[in-house]
>>> print(open('query.cif').read())   # mmCIF, C-alpha atoms
data_run
#
loop_
_atom_site.label_atom_id
_atom_site.label_comp_id
_atom_site.auth_asym_id
_atom_site.auth_seq_id
_atom_site.Cartn_x
_atom_site.Cartn_y
_atom_site.Cartn_z
CA MET F 1 -7.90 26.62 79.89
CA GLU F 2 -10.47 29.39 79.51
CA LEU F 3 -7.72 31.86 78.59
CA GLN F 4 -6.40 29.38 76.01
CA ARG F 5 -9.84 28.98 74.42
CA SER F 6 -10.41 32.74 74.37
CA LEU F 7 -6.96 33.34 72.91
CA LYS F 8 -7.59 30.91 70.07
CA ALA F 9 -10.98 32.46 69.38
CA GLN F 10 -9.38 35.91 69.25
CA ALA F 11 -6.67 34.66 66.86
CA ARG F 12 -9.34 33.34 64.51
CA ALA F 13 -11.27 36.60 64.82
CA LEU F 14 -8.10 38.38 63.66
CA GLY F 15 -8.09 36.27 60.50
CA PHE F 16 -5.90 33.28 61.28
CA ASP F 17 -7.13 29.88 60.17
CA VAL F 18 -5.25 27.72 62.68
CA VAL F 19 -3.69 28.42 66.06
CA ALA F 20 -1.83 26.25 68.57
CA ILE F 21 0.38 26.73 71.61
CA ALA F 22 3.70 25.11 72.51
CA PRO F 23 5.96 25.45 75.57
CA VAL F 24 9.26 27.22 74.98
CA GLY F 25 12.37 25.07 75.00
CA PRO F 26 15.15 23.89 72.70
CA SER F 27 14.03 24.10 69.09
CA PRO F 28 12.86 20.85 67.46
CA HIS F 29 14.95 19.72 64.47
CA TRP F 30 17.69 22.27 65.21
CA GLU F 31 20.46 19.69 64.76
CA ALA F 32 19.07 18.74 61.34
CA TYR F 33 18.87 22.42 60.42
CA GLN F 34 22.48 22.97 61.51
CA ALA F 35 23.61 20.03 59.36
CA TRP F 36 21.66 21.47 56.42
CA VAL F 37 23.46 24.80 56.73
CA GLN F 38 26.83 23.08 57.10
CA GLN F 39 26.19 21.34 53.78
CA GLY F 40 25.86 24.77 52.16
CA TYR F 41 22.33 24.10 50.96
CA GLU F 42 21.25 27.63 51.92
CA GLY F 43 23.23 29.10 49.02
CA GLU F 44 23.66 32.87 49.25
CA MET F 45 21.14 33.23 52.10
CA ALA F 46 23.93 33.99 54.59
CA TYR F 47 21.47 35.22 57.21
CA LEU F 48 20.32 31.64 57.76
CA ALA F 49 23.79 30.71 59.02
CA ARG F 50 24.01 33.89 61.10
CA HIS F 51 20.73 32.98 62.80
CA LEU F 52 21.93 29.51 63.84
CA PRO F 53 22.69 30.34 67.51
CA LEU F 54 19.40 32.19 67.95
CA LYS F 55 17.38 29.41 66.33
CA ARG F 56 18.70 26.83 68.74
CA ASP F 57 16.40 28.06 71.51
CA PRO F 58 13.86 30.93 71.28
CA ARG F 59 15.00 32.14 74.69
CA ALA F 60 18.30 33.19 73.11
CA TRP F 61 16.24 35.69 71.12
CA PHE F 62 13.60 36.50 73.75
CA PRO F 63 14.74 35.45 77.25
CA GLN F 64 11.35 36.09 78.90
CA ALA F 65 9.55 33.64 76.61
CA ARG F 66 7.62 30.80 78.22
CA SER F 67 5.03 30.01 75.53
CA LEU F 68 4.88 30.05 71.74
CA ILE F 69 1.61 30.87 70.04
CA LEU F 70 1.79 29.43 66.51
CA VAL F 71 -0.61 30.58 63.80
CA GLY F 72 -1.35 29.58 60.23
CA LEU F 73 -2.99 31.64 57.50
CA ASN F 74 -4.46 29.87 54.48
CA TYR F 75 -3.38 31.24 51.09
CA ALA F 76 -4.68 28.53 48.75
CA GLN F 77 -6.22 29.61 45.43
CA HIS F 78 -7.98 27.74 42.63
CA LEU F 79 -6.67 29.16 39.34
CA ASP F 80 -7.11 28.13 35.71
CA PRO F 81 -4.28 25.65 34.93
CA ALA F 82 -4.40 26.47 31.21
CA LEU F 83 -3.71 30.12 31.98
CA LEU F 84 -0.82 29.31 34.29
CA GLN F 85 0.80 26.92 31.83
CA ASP F 86 0.59 29.30 28.88
CA PRO F 87 4.29 29.84 27.99
CA SER F 88 3.56 33.39 26.80
CA ARG F 89 2.61 34.35 30.36
CA GLY F 90 4.75 34.70 33.46
CA ARG F 91 3.84 32.53 36.39
CA ILE F 92 3.95 33.99 39.91
CA SER F 93 3.75 31.80 43.00
CA ILE F 94 0.29 31.73 44.56
CA TYR F 95 1.52 33.21 47.83
CA ALA F 96 2.57 36.42 46.04
CA LEU F 97 -0.70 37.12 44.20
CA GLY F 98 -2.18 39.19 47.03
CA ARG F 99 -0.80 41.59 49.61
CA ASP F 100 2.47 40.90 51.40
CA TYR F 101 1.62 38.33 54.06
CA HIS F 102 4.39 39.54 56.38
CA LYS F 103 2.58 42.82 57.00
CA ILE F 104 -0.83 41.18 57.29
CA MET F 105 0.33 38.64 59.86
CA ARG F 106 2.55 41.01 61.84
CA ARG F 107 -0.27 43.48 62.28
CA ALA F 108 -2.67 40.78 63.48
CA LEU F 109 -0.08 39.19 65.79
CA ILE F 110 0.66 42.54 67.42
CA GLN F 111 -3.07 42.91 68.06
CA LEU F 112 -3.19 39.40 69.50
CA ASP F 113 -0.29 40.22 71.83
CA GLN F 114 -2.04 43.39 72.99
CA TRP F 115 -5.23 41.41 73.61
CA LEU F 116 -3.36 38.85 75.73
CA ALA F 117 -1.41 41.49 77.67
CA ALA F 118 -4.62 43.31 78.55
CA ARG F 119 -6.04 40.14 80.09
CA THR F 120 -2.95 39.09 82.04
CA GLY F 121 -1.91 42.56 83.19
CA ARG F 122 1.39 42.40 81.34
CA HIS F 123 2.96 45.73 80.41
CA SER F 124 5.77 44.41 78.22
CA ARG F 125 5.49 43.29 74.62
CA GLY F 126 5.74 39.78 73.25
CA ARG F 127 7.93 39.01 70.26
CA VAL F 128 6.29 38.55 66.87
CA PHE F 129 7.86 36.31 64.23
CA VAL F 130 6.83 35.82 60.63
CA ASP F 131 9.19 34.03 58.28
CA SER F 132 12.13 36.43 58.44
CA SER F 133 12.87 36.09 62.18
CA PRO F 134 15.30 33.57 63.75
CA MET F 135 12.67 30.92 64.39
CA LEU F 136 12.19 27.44 62.94
CA GLU F 137 8.49 28.00 62.29
CA ARG F 138 7.78 24.68 60.60
CA ALA F 139 9.44 22.66 63.34
CA TRP F 140 7.59 24.57 66.05
CA ALA F 141 4.28 24.30 64.19
CA GLU F 142 4.75 20.54 64.05
CA ARG F 143 5.62 20.52 67.74
CA ALA F 144 2.40 22.43 68.49
CA GLY F 145 0.35 19.86 66.57
CA ILE F 146 -0.60 22.00 63.57
CA GLY F 147 0.68 19.48 61.04
CA PHE F 148 3.56 17.29 59.92
CA ILE F 149 6.53 18.08 57.69
CA GLY F 150 6.13 16.39 54.32
CA LYS F 151 8.67 15.14 51.82
CA ASN F 152 8.57 18.51 50.05
CA THR F 153 9.78 20.10 53.35
CA CYS F 154 6.46 21.99 53.74
CA LEU F 155 4.30 21.77 56.83
CA ILE F 156 1.15 19.84 55.93
CA HIS F 157 -2.05 20.37 57.88
CA PRO F 158 -4.14 17.17 57.80
CA HIS F 159 -7.25 19.12 56.72
CA ARG F 160 -5.85 22.22 54.99
CA GLY F 161 -2.77 20.91 53.21
CA SER F 162 0.43 22.92 52.83
CA TRP F 163 -0.92 26.29 51.61
CA LEU F 164 -0.31 27.94 54.98
CA PHE F 165 1.70 30.99 55.98
CA LEU F 166 3.26 30.33 59.37
CA GLY F 167 4.09 32.79 62.11
CA GLY F 168 3.68 33.31 65.78
CA LEU F 169 4.23 35.07 69.03
CA LEU F 170 6.65 34.50 71.90
CA VAL F 171 5.08 35.54 75.21
CA PRO F 172 6.13 35.45 78.89
CA GLU F 173 2.85 33.83 80.00
CA ALA F 174 2.89 30.11 80.74
CA LEU F 175 -0.12 28.96 78.73
CA PRO F 176 -1.63 25.48 78.47
CA PHE F 177 -0.10 23.90 75.40
CA ASP F 178 -1.36 21.62 72.67
CA PRO F 179 0.03 18.08 72.42
CA PRO F 180 2.38 17.37 69.53
CA PRO F 181 1.56 14.62 67.05
CA GLU F 182 3.07 11.24 67.78
CA ARG F 183 5.38 9.95 65.07
CA HIS F 184 5.06 6.22 64.66
CA PRO F 185 7.44 3.87 62.89
CA PRO F 186 6.41 3.11 59.30
CA GLY F 187 4.98 -0.34 59.94
CA PRO F 188 3.04 -1.22 56.78
CA HIS F 189 3.68 2.29 55.45
CA PRO F 190 6.97 3.16 53.72
CA ASP F 191 7.00 6.51 55.54
CA TRP F 192 6.37 7.88 59.01
CA VAL F 193 2.82 8.20 60.29
CA TRP F 194 1.82 11.13 62.53
CA HIS F 195 -1.07 10.66 64.92
CA PHE F 196 -2.90 13.83 65.95
CA PRO F 197 -5.58 14.27 68.64
CA GLN F 198 -9.13 13.20 67.80
CA GLY F 199 -7.79 10.22 65.85
CA VAL F 200 -6.49 12.20 62.84
CA THR F 201 -3.43 10.77 61.08
CA GLY F 202 -1.07 12.14 58.47
CA THR F 203 1.64 10.59 56.31
CA CYS F 204 3.29 10.95 52.92
CA GLY F 205 3.27 7.18 52.62
CA ALA F 206 4.79 5.97 49.35
CA CYS F 207 3.96 9.22 47.55
CA THR F 208 6.88 10.94 45.80
CA ARG F 209 4.89 13.32 43.56
CA CYS F 210 6.68 16.38 44.93
CA LEU F 211 10.12 14.93 44.26
CA GLN F 212 9.13 14.01 40.72
CA ALA F 213 7.57 17.43 40.05
CA CYS F 214 10.70 19.43 40.84
CA PRO F 215 12.38 20.10 37.45
CA THR F 216 15.84 20.76 38.92
CA GLY F 217 15.96 17.93 41.46
CA ALA F 218 16.16 20.43 44.32
CA ILE F 219 14.42 17.97 46.67
CA ILE F 220 17.44 15.69 46.84
CA ALA F 221 15.75 13.30 49.28
CA PRO F 222 12.55 13.32 51.34
CA ARG F 223 12.63 16.45 53.55
CA GLN F 224 16.01 17.47 52.13
CA LEU F 225 16.05 20.59 49.96
CA ASP F 226 19.09 21.97 48.17
CA ALA F 227 17.94 25.58 47.95
CA ARG F 228 20.61 26.38 45.37
CA ARG F 229 18.59 24.44 42.80
CA CYS F 230 15.12 25.51 43.95
CA LEU F 231 13.19 27.73 41.52
CA SER F 232 11.96 29.90 44.38
CA TYR F 233 15.54 30.55 45.48
CA LEU F 234 16.72 31.16 41.92
CA THR F 235 13.97 33.67 41.15
CA ILE F 236 13.88 35.47 44.51
CA GLU F 237 16.86 35.03 46.82
CA LEU F 238 19.65 34.68 44.26
CA ARG F 239 20.90 38.17 43.42
CA GLY F 240 23.32 37.33 40.63
CA PRO F 241 22.99 35.43 37.35
CA ILE F 242 20.90 32.27 37.28
CA PRO F 243 23.19 29.33 36.38
CA GLU F 244 22.77 28.67 32.66
CA PRO F 245 22.10 24.91 32.96
CA LEU F 246 19.13 25.68 35.24
CA ARG F 247 17.53 28.42 33.15
CA PRO F 248 15.56 26.13 30.82
CA HIS F 249 14.02 24.46 33.89
CA LEU F 250 12.40 27.73 34.99
CA GLY F 251 9.80 27.42 32.24
CA ASN F 252 7.55 30.46 32.62
CA TRP F 253 8.13 31.01 36.35
CA VAL F 254 9.06 34.63 37.01
CA PHE F 255 8.66 34.70 40.80
CA GLY F 256 8.69 31.71 43.13
CA CYS F 257 7.42 28.22 42.41
CA ASP F 258 4.52 25.97 43.47
CA LEU F 259 5.50 22.79 41.64
CA CYS F 260 6.23 20.70 44.74
CA GLN F 261 2.88 21.67 46.31
CA ASP F 262 0.60 21.44 43.27
CA PRO F 263 0.56 17.60 43.07
CA CYS F 264 0.41 16.94 46.82
CA PRO F 265 -2.67 14.78 47.62
CA TRP F 266 -3.12 16.63 50.91
CA ASN F 267 -3.81 19.83 48.98
CA ARG F 268 -6.84 18.41 47.17
CA ARG F 269 -9.07 19.34 50.08
CA ALA F 270 -7.65 22.85 50.54
CA GLN F 271 -10.25 25.60 50.29
CA PRO F 272 -9.43 28.99 48.74
CA ALA F 273 -8.14 31.67 51.07
CA SER F 274 -10.88 33.76 52.66
CA HIS F 275 -8.71 36.64 53.89
CA PRO F 276 -9.66 39.69 51.79
CA GLN F 277 -6.06 40.93 51.44
CA LEU F 278 -4.89 37.59 50.06
CA GLN F 279 -7.25 37.60 47.10
CA PRO F 280 -5.30 37.51 43.81
CA HIS F 281 -4.62 40.85 42.18
CA PRO F 282 -5.72 40.60 38.51
CA ASP F 283 -2.41 42.07 37.28
CA ARG F 284 -0.48 39.24 38.95
CA ILE F 285 -2.31 36.17 37.68
CA ALA F 286 -0.14 34.95 34.79
CA PRO F 287 0.66 38.39 33.30
CA PRO F 288 1.77 38.39 29.63
CA LEU F 289 5.54 38.26 29.28
CA LEU F 290 5.53 41.05 26.72
CA GLU F 291 3.88 43.34 29.28
CA LEU F 292 6.46 42.43 31.88
CA LEU F 293 9.37 42.93 29.48
CA ALA F 294 8.13 46.45 28.78
CA MET F 295 8.22 47.53 32.45
CA ASP F 296 10.78 50.04 33.60
CA GLU F 297 11.61 50.29 37.30
CA GLU F 298 8.86 52.82 38.00
CA ALA F 299 6.22 50.65 36.30
CA PHE F 300 7.46 47.61 38.25
CA GLN F 301 7.10 49.40 41.57
CA LYS F 302 3.65 50.65 40.67
CA ARG F 303 2.39 47.27 39.48
CA PHE F 304 3.71 45.24 42.40
CA ALA F 305 3.46 47.73 45.25
CA GLY F 306 2.58 45.93 48.49
CA SER F 307 3.36 42.52 46.96
CA PRO F 308 6.04 39.99 47.95
CA VAL F 309 7.27 40.31 44.35
CA MET F 310 9.05 43.49 45.43
CA ARG F 311 11.63 41.33 47.20
CA ALA F 312 13.16 40.36 43.85
CA LYS F 313 13.64 44.03 42.94
CA TRP F 314 13.22 45.28 39.39
CA ALA F 315 16.49 43.94 37.97
CA GLY F 316 16.03 40.51 39.56
CA PHE F 317 12.46 40.26 38.37
CA LEU F 318 13.32 41.32 34.81
CA ARG F 319 16.15 38.78 34.85
CA ASN F 320 13.52 36.11 35.52
CA VAL F 321 11.19 37.49 32.85
CA CYS F 322 13.97 37.37 30.26
CA VAL F 323 14.62 33.71 31.08
CA ALA F 324 10.90 32.94 30.76
CA ALA F 325 10.84 34.75 27.40
CA GLY F 326 13.77 32.66 26.21
CA ASN F 327 11.98 29.50 27.26
CA TRP F 328 8.86 30.71 25.44
CA GLY F 329 11.00 31.20 22.35
CA ASP F 330 8.52 33.31 20.41
CA PRO F 331 10.04 35.89 17.99
CA LEU F 332 7.50 38.41 19.34
CA ALA F 333 9.86 38.91 22.29
CA ALA F 334 12.86 39.85 20.13
CA GLU F 335 12.34 43.62 20.14
CA ALA F 336 11.92 43.94 23.91
CA LEU F 337 14.83 41.60 24.64
CA THR F 338 17.05 43.55 22.27
CA GLU F 339 16.19 46.76 24.09
CA HIS F 340 17.25 45.17 27.37
CA VAL F 341 20.56 43.98 25.90
CA TRP F 342 21.36 47.54 24.81
CA HIS F 343 20.08 49.58 27.73
CA SER F 344 19.34 47.57 30.89
CA PRO F 345 21.68 46.86 33.83
CA PRO F 346 24.22 44.05 33.31
CA LEU F 347 22.16 41.44 35.18
CA VAL F 348 19.13 41.98 32.93
CA ALA F 349 21.18 42.43 29.76
CA GLU F 350 22.97 39.11 30.22
CA HIS F 351 19.75 37.14 30.53
CA ALA F 352 18.16 39.07 27.67
CA ALA F 353 21.06 38.09 25.40
CA TRP F 354 20.70 34.47 26.48
CA ALA F 355 16.98 34.64 25.70
CA LEU F 356 17.55 36.17 22.27
CA ALA F 357 19.73 33.22 21.36
CA ARG F 358 16.86 30.85 22.19
CA LEU F 359 14.15 32.46 20.08
CA ARG F 360 12.74 30.33 17.29
CA HIS F 361 13.62 30.89 13.64
CA GLN F 362 16.86 32.63 14.71
CA ALA F 363 14.77 35.72 15.45
CA GLY F 364 17.37 37.12 17.84
CA ARG F 365 20.47 36.41 15.78
CA LYS F 366 20.57 39.71 13.86
CA SER F 367 20.21 41.71 17.06
CA LEU F 368 23.00 39.80 18.73
CA ILE F 369 25.30 40.27 15.73
CA ARG F 370 24.57 43.99 15.71
CA VAL F 371 25.42 44.29 19.40
CA ALA F 372 28.59 42.23 18.93
CA GLU F 373 29.70 44.50 16.09
CA GLN F 374 28.73 47.89 17.51
CA ALA F 375 28.96 47.71 21.31
CA GLN F 376 32.27 48.47 22.97
CA ASP F 377 31.81 47.14 26.49
CA PHE F 378 30.43 44.14 28.33
CA ARG F 379 27.38 44.18 26.05
CA ARG F 380 29.57 43.14 23.16
CA ARG F 381 30.91 40.24 25.22
CA LEU F 382 27.38 39.22 26.21
CA ALA F 383 26.29 39.13 22.57
CA GLU F 384 29.36 37.15 21.50
CA LYS F 385 28.77 34.62 24.27
CA ALA F 386 25.09 34.29 23.37
CA LEU F 387 25.98 33.72 19.70
CA LEU F 388 28.35 30.93 20.69
CA CYS F 389 25.60 29.39 22.82
CA LYS F 390 23.25 29.68 19.86
CA GLU F 391 25.69 27.72 17.71
CA ASP F 392 25.85 25.02 20.37
CA LEU F 393 22.04 24.87 20.46
CA ASP F 394 21.85 24.57 16.68
CA GLN F 395 24.38 21.73 16.70
CA ASP F 396 22.37 19.89 19.35
#
>>> encode(input="query.cif", output="structure tokens")
Amino acid sequence: MELQRSLKAQARALGFDVVAIAPVGPSPHWEAYQAWVQQGYEGEMAYLARHLPLKRDPRAWFPQARSLILVGLNYAQHLDPALLQDPSRGRISIYALGRDYHKIMRRALIQLDQWLAARTGRHSRGRVFVDSSPMLERAWAERAGIGFIGKNTCLIHPHRGSWLFLGGLLVPEALPFDPPPERHPPGPHPDWVWHFPQGVTGTCGACTRCLQACPTGAIIAPRQLDARRCLSYLTIELRGPIPEPLRPHLGNWVFGCDLCQDPCPWNRRAQPASHPQLQPHPDRIAPPLLELLAMDEEAFQKRFAGSPVMRAKWAGFLRNVCVAAGNWGDPLAAEALTEHVWHSPPLVAEHAAWALARLRHQAGRKSLIRVAEQAQDFRRRLAEKALLCKEDLDQD
């Protein structure tokens, strides 16, 4: 028990906000995860299906594992809602406002593994996992007693809410483990109730704020997410065109989405992140869309270096910015959008043409007509399609 207490103290000293330990065994909720993949809800994230066999039991990935050390890192921020909701600005998910959490957590977990190995005499390395590895982090974090999985599919800590990065460490040491929460039948509650040690309880109860907040209906049922409709998937993981019926629902989101976490009552008590590398970069808090539209690939890489936003790549990010500009609808965006129709890669050009057709006062119509008349390739077809869509909008 002394090693367990010292290990947790060291994890907190390395910057983690919560830490718990679970014994290695078959993964909790694996059957539900398999059914989710079989439904095709993962969309184009083919790696999730490839990881199925490894996710069934961590020992398939790391045979020596006997314990899982689960950690959580708070990334909550209190930002000005008026700034975020300004349609002339692009909204970036809170988790991507600071440095890339993968690197922060991996570095600290490697140090934690080295600390543990030095005390047990182990000469081998443990296995670090943060988000991209074949581990069901949320299910294991629930098993270790860190929190419960809410209706928005996020892990909810009863004191810190859902603004937590999750990761961990598989180690060969058999460590004392933390008890999981007990899930009780609903009883008077219309939802499950989790009972944690020290008398703490957690439940979503009758609350459906997260389901109601999702503009695309991606949360098809409590704890059931169709990623193909999720704004985070559409703006990050999807590499091709965003389906046209879903584009208006993006609003001013240009990377990720927080809409299913913002209204959660459990997040009211969340304190802002204290980790220095997770503090919001001023260039990433609701940047003006006109600034983003003006970025070439070099400017994109310079502005978002070290940020999770890099995952979308320049073309994917500009695709999102064009959609946000179309939803904004201000004629001020016409010049930049026109430039993208003429000169940017096909993915960006298509969404720029769509956005031009949505600008108020028909501000993009002349540009689209000019492209349709003068271009000789796919750009002409994009402009013709956008003009037809514009006619449909006008009729509506």
>>> axis_aligned_box(input="query.cif", around="segment 236-251 of chain F", padding_each_side="4 Å", output="lines of an AutoDock Vina configuration file")
center_x = 16.6
center_y = 31.3
center_z = 38.8
size_x = 21.5
size_y = 21.7
size_z = 24.0
>>> residues_around(input="query.cif", residues="segment 28-44 of chain F", least_positions_apart="3", cutoff="10 Å", atoms="only C-alpha atoms", output="ChimeraX atom specification")
/F:25,47-49,52-53,55-57,136-143,218,224-229,233-234,237-240
>>> residues_around(input="query.cif", residues="segment 179-188 of chain F", least_positions_apart="2", cutoff="10 Å", atoms="all atoms listed in the file", output="list of chain:residue names")
F:Ala20, F:Ile21, F:Ala22, F:Pro23, F:Trp140, F:Ala141, F:Glu142, F:Arg143, F:Ala144, F:Gly145, F:Ile146, F:Gly147, F:Phe148, F:Pro176, F:Phe177, F:Pro190, F:Asp191, F:Trp192, F:Val193, F:Trp194, F:His195, F:Phe196, F:Pro197, F:Val200, F:Thr201, F:Gly202, F:Thr203, F:Gly205
>>> write_last_selection(input="query.cif", atoms="C-alpha atoms", output="PDB file, in the frame of the given file")
ATOM      1  CA  ALA F  20      -1.830  26.250  68.570  1.00  0.00           C
ATOM      2  CA  ILE F  21       0.380  26.730  71.610  1.00  0.00           C
ATOM      3  CA  ALA F  22       3.700  25.110  72.510  1.00  0.00           C
ATOM      4  CA  PRO F  23       5.960  25.450  75.570  1.00  0.00           C
ATOM      5  CA  TRP F 140       7.590  24.570  66.050  1.00  0.00           C
ATOM      6  CA  ALA F 141       4.280  24.300  64.190  1.00  0.00           C
ATOM      7  CA  GLU F 142       4.750  20.540  64.050  1.00  0.00           C
ATOM      8  CA  ARG F 143       5.620  20.520  67.740  1.00  0.00           C
ATOM      9  CA  ALA F 144       2.400  22.430  68.490  1.00  0.00           C
ATOM     10  CA  GLY F 145       0.350  19.860  66.570  1.00  0.00           C
ATOM     11  CA  ILE F 146      -0.600  22.000  63.570  1.00  0.00           C
ATOM     12  CA  GLY F 147       0.680  19.480  61.040  1.00  0.00           C
ATOM     13  CA  PHE F 148       3.560  17.290  59.920  1.00  0.00           C
ATOM     14  CA  PRO F 176      -1.630  25.480  78.470  1.00  0.00           C
ATOM     15  CA  PHE F 177      -0.100  23.900  75.400  1.00  0.00           C
ATOM     16  CA  PRO F 190       6.970   3.160  53.720  1.00  0.00           C
ATOM     17  CA  ASP F 191       7.000   6.510  55.540  1.00  0.00           C
ATOM     18  CA  TRP F 192       6.370   7.880  59.010  1.00  0.00           C
ATOM     19  CA  VAL F 193       2.820   8.200  60.290  1.00  0.00           C
ATOM     20  CA  TRP F 194       1.820  11.130  62.530  1.00  0.00           C
ATOM     21  CA  HIS F 195      -1.070  10.660  64.920  1.00  0.00           C
ATOM     22  CA  PHE F 196      -2.900  13.830  65.950  1.00  0.00           C
ATOM     23  CA  PRO F 197      -5.580  14.270  68.640  1.00  0.00           C
ATOM     24  CA  VAL F 200      -6.490  12.200  62.840  1.00  0.00           C
ATOM     25  CA  THR F 201      -3.430  10.770  61.080  1.00  0.00           C
ATOM     26  CA  GLY F 202      -1.070  12.140  58.470  1.00  0.00           C
ATOM     27  CA  THR F 203       1.640  10.590  56.310  1.00  0.00           C
ATOM     28  CA  GLY F 205       3.270   7.180  52.620  1.00  0.00           C
TER      29      GLY F 205
END
>>> atom_distance(input="query.cif", atom1="atom CA of Leu347 of chain F", atom2="atom CA of Leu382 of chain F")
10.6 Å
>>> resolve_selection(input="query.cif", expression="the PyMOL selection byres ((chain F and resi 358) around 8)", output="list in words")
Gly326, Asn327, Gly329, Trp354, Ala355, Leu356, Ala357, Leu359, Arg360, Gln362, Gly364 and Lys390 of chain F
>>> closest_residue(input="query.cif", among="F:Leu109, F:Ala286, F:Leu332, F:Leu84", to="Val19 of chain F", atoms="all atoms listed in the file")
F:Leu109
>>> resolve_selection(input="query.cif", expression="the PyMOL selection byres ((chain F and resi 116-119) around 10)", output="list in words")
Leu3, Gln4, Ser6, Leu7, Gln10, Ile110, Gln111, Leu112, Asp113, Gln114, Trp115, Thr120, Gly121, Arg122, His123, Ser124, Arg125, Gly126, Val171, Pro172 and Glu173 of chain F
>>> atom_distance(input="query.cif", atom1="atom CA of Val128 of chain F", atom2="atom CA of Ile69 of chain F")
9.5 Å
>>> closest_residue(input="query.cif", among="F:Thr208, F:Gln301, F:Gln77, F:Ser88", to="Phe317 of chain F", atoms="all atoms listed in the file")
F:Gln301
>>> resolve_selection(input="query.cif", expression="the PyMOL selection byres ((chain F and resi 249-258) around 7)", output="JSON, numbers by chain")
{"F": [87, 89, 90, 91, 92, 93, 215, 216, 231, 232, 235, 236, 246, 247, 248, 259, 260, 261, 262, 309, 317, 320, 321, 324, 327]}
>>> residues_around(input="query.cif", residues="Lys366 of chain F", least_positions_apart="3", cutoff="10 Å", atoms="only C-alpha atoms", output="ChimeraX atom specification")
/F:334,338,356-357,362-363,369-372,387
>>> residues_around(input="query.cif", residues="Leu73 of chain F", least_positions_apart="3", cutoff="12 Å", atoms="only C-alpha atoms", output="PyMOL selection string")
chain F and resi 11-12+14-19+70+76+95+101-102+104-106+108-109+130+146+157+160-168+271-278
>>> atom_distance(input="query.cif", atom1="atom CA of Glu291 of chain F", atom2="atom CA of Ser367 of chain F")
20.5 Å
>>> closest_residue(input="query.cif", among="F:His351, F:Arg50, F:His281, F:Arg365", to="Ala315 of chain F", atoms="all atoms listed in the file")
F:His351
>>> residues_around(input="query.cif", residues="Trp61 of chain F", least_positions_apart="6", cutoff="10 Å", atoms="all atoms listed in the file", output="mmCIF file with C-alpha atoms, keeping the file's coordinate frame")
data_model
loop_
_atom_site.group_PDB
_atom_site.id
_atom_site.type_symbol
_atom_site.label_atom_id
_atom_site.label_comp_id
_atom_site.auth_asym_id
_atom_site.auth_seq_id
_atom_site.Cartn_x
_atom_site.Cartn_y
_atom_site.Cartn_z
ATOM 1 C CA HIS F 51 20.730 32.980 62.800
ATOM 2 C CA PRO F 53 22.690 30.340 67.510
ATOM 3 C CA LEU F 54 19.400 32.190 67.950
ATOM 4 C CA LYS F 55 17.380 29.410 66.330
ATOM 5 C CA ARG F 127 7.930 39.010 70.260
ATOM 6 C CA SER F 133 12.870 36.090 62.180
ATOM 7 C CA PRO F 134 15.300 33.570 63.750
ATOM 8 C CA MET F 135 12.670 30.920 64.390
ATOM 9 C CA LEU F 170 6.650 34.500 71.900
#
>>> closest_residue(input="query.cif", among="F:Pro288, F:Gly72, F:Pro265, F:Pro222", to="Ala325 of chain F", atoms="all atoms listed in the file")
F:Pro288
>>> build_atoms(input="query.cif", residues="segment 311-321 of chain F", atoms="N, CA and C atoms", output="short mmCIF file (atom, residue, chain, number, x, y, z; two decimals), in the frame of the given file")
data_model
loop_
_atom_site.label_atom_id
_atom_site.label_comp_id
_atom_site.auth_asym_id
_atom_site.auth_seq_id
_atom_site.Cartn_x
_atom_site.Cartn_y
_atom_site.Cartn_z
N ARG F 311 10.38 41.85 46.63
CA ARG F 311 11.63 41.33 47.20
C ARG F 311 12.67 41.04 46.12
N ALA F 312 12.22 40.68 44.93
CA ALA F 312 13.16 40.36 43.85
C ALA F 312 13.81 41.61 43.28
N LYS F 313 13.21 42.75 43.51
CA LYS F 313 13.64 44.03 42.94
C LYS F 313 13.47 44.00 41.41
N TRP F 314 13.50 45.18 40.82
CA TRP F 314 13.22 45.28 39.39
C TRP F 314 14.20 44.47 38.55
N ALA F 315 15.50 44.63 38.79
CA ALA F 315 16.49 43.94 37.97
C ALA F 315 16.37 42.43 38.12
N GLY F 316 16.18 41.95 39.36
CA GLY F 316 16.03 40.51 39.56
C GLY F 316 14.78 39.96 38.90
N PHE F 317 13.70 40.71 38.99
CA PHE F 317 12.46 40.26 38.37
C PHE F 317 12.58 40.23 36.85
N LEU F 318 13.15 41.29 36.26
CA LEU F 318 13.32 41.32 34.81
C LEU F 318 14.29 40.24 34.34
N ARG F 319 15.28 39.93 35.15
CA ARG F 319 16.15 38.78 34.85
C ARG F 319 15.32 37.52 34.66
N ASN F 320 14.38 37.30 35.59
CA ASN F 320 13.52 36.11 35.52
C ASN F 320 12.61 36.16 34.29
N VAL F 321 12.09 37.34 33.99
CA VAL F 321 11.19 37.49 32.85
C VAL F 321 11.94 37.21 31.55
#
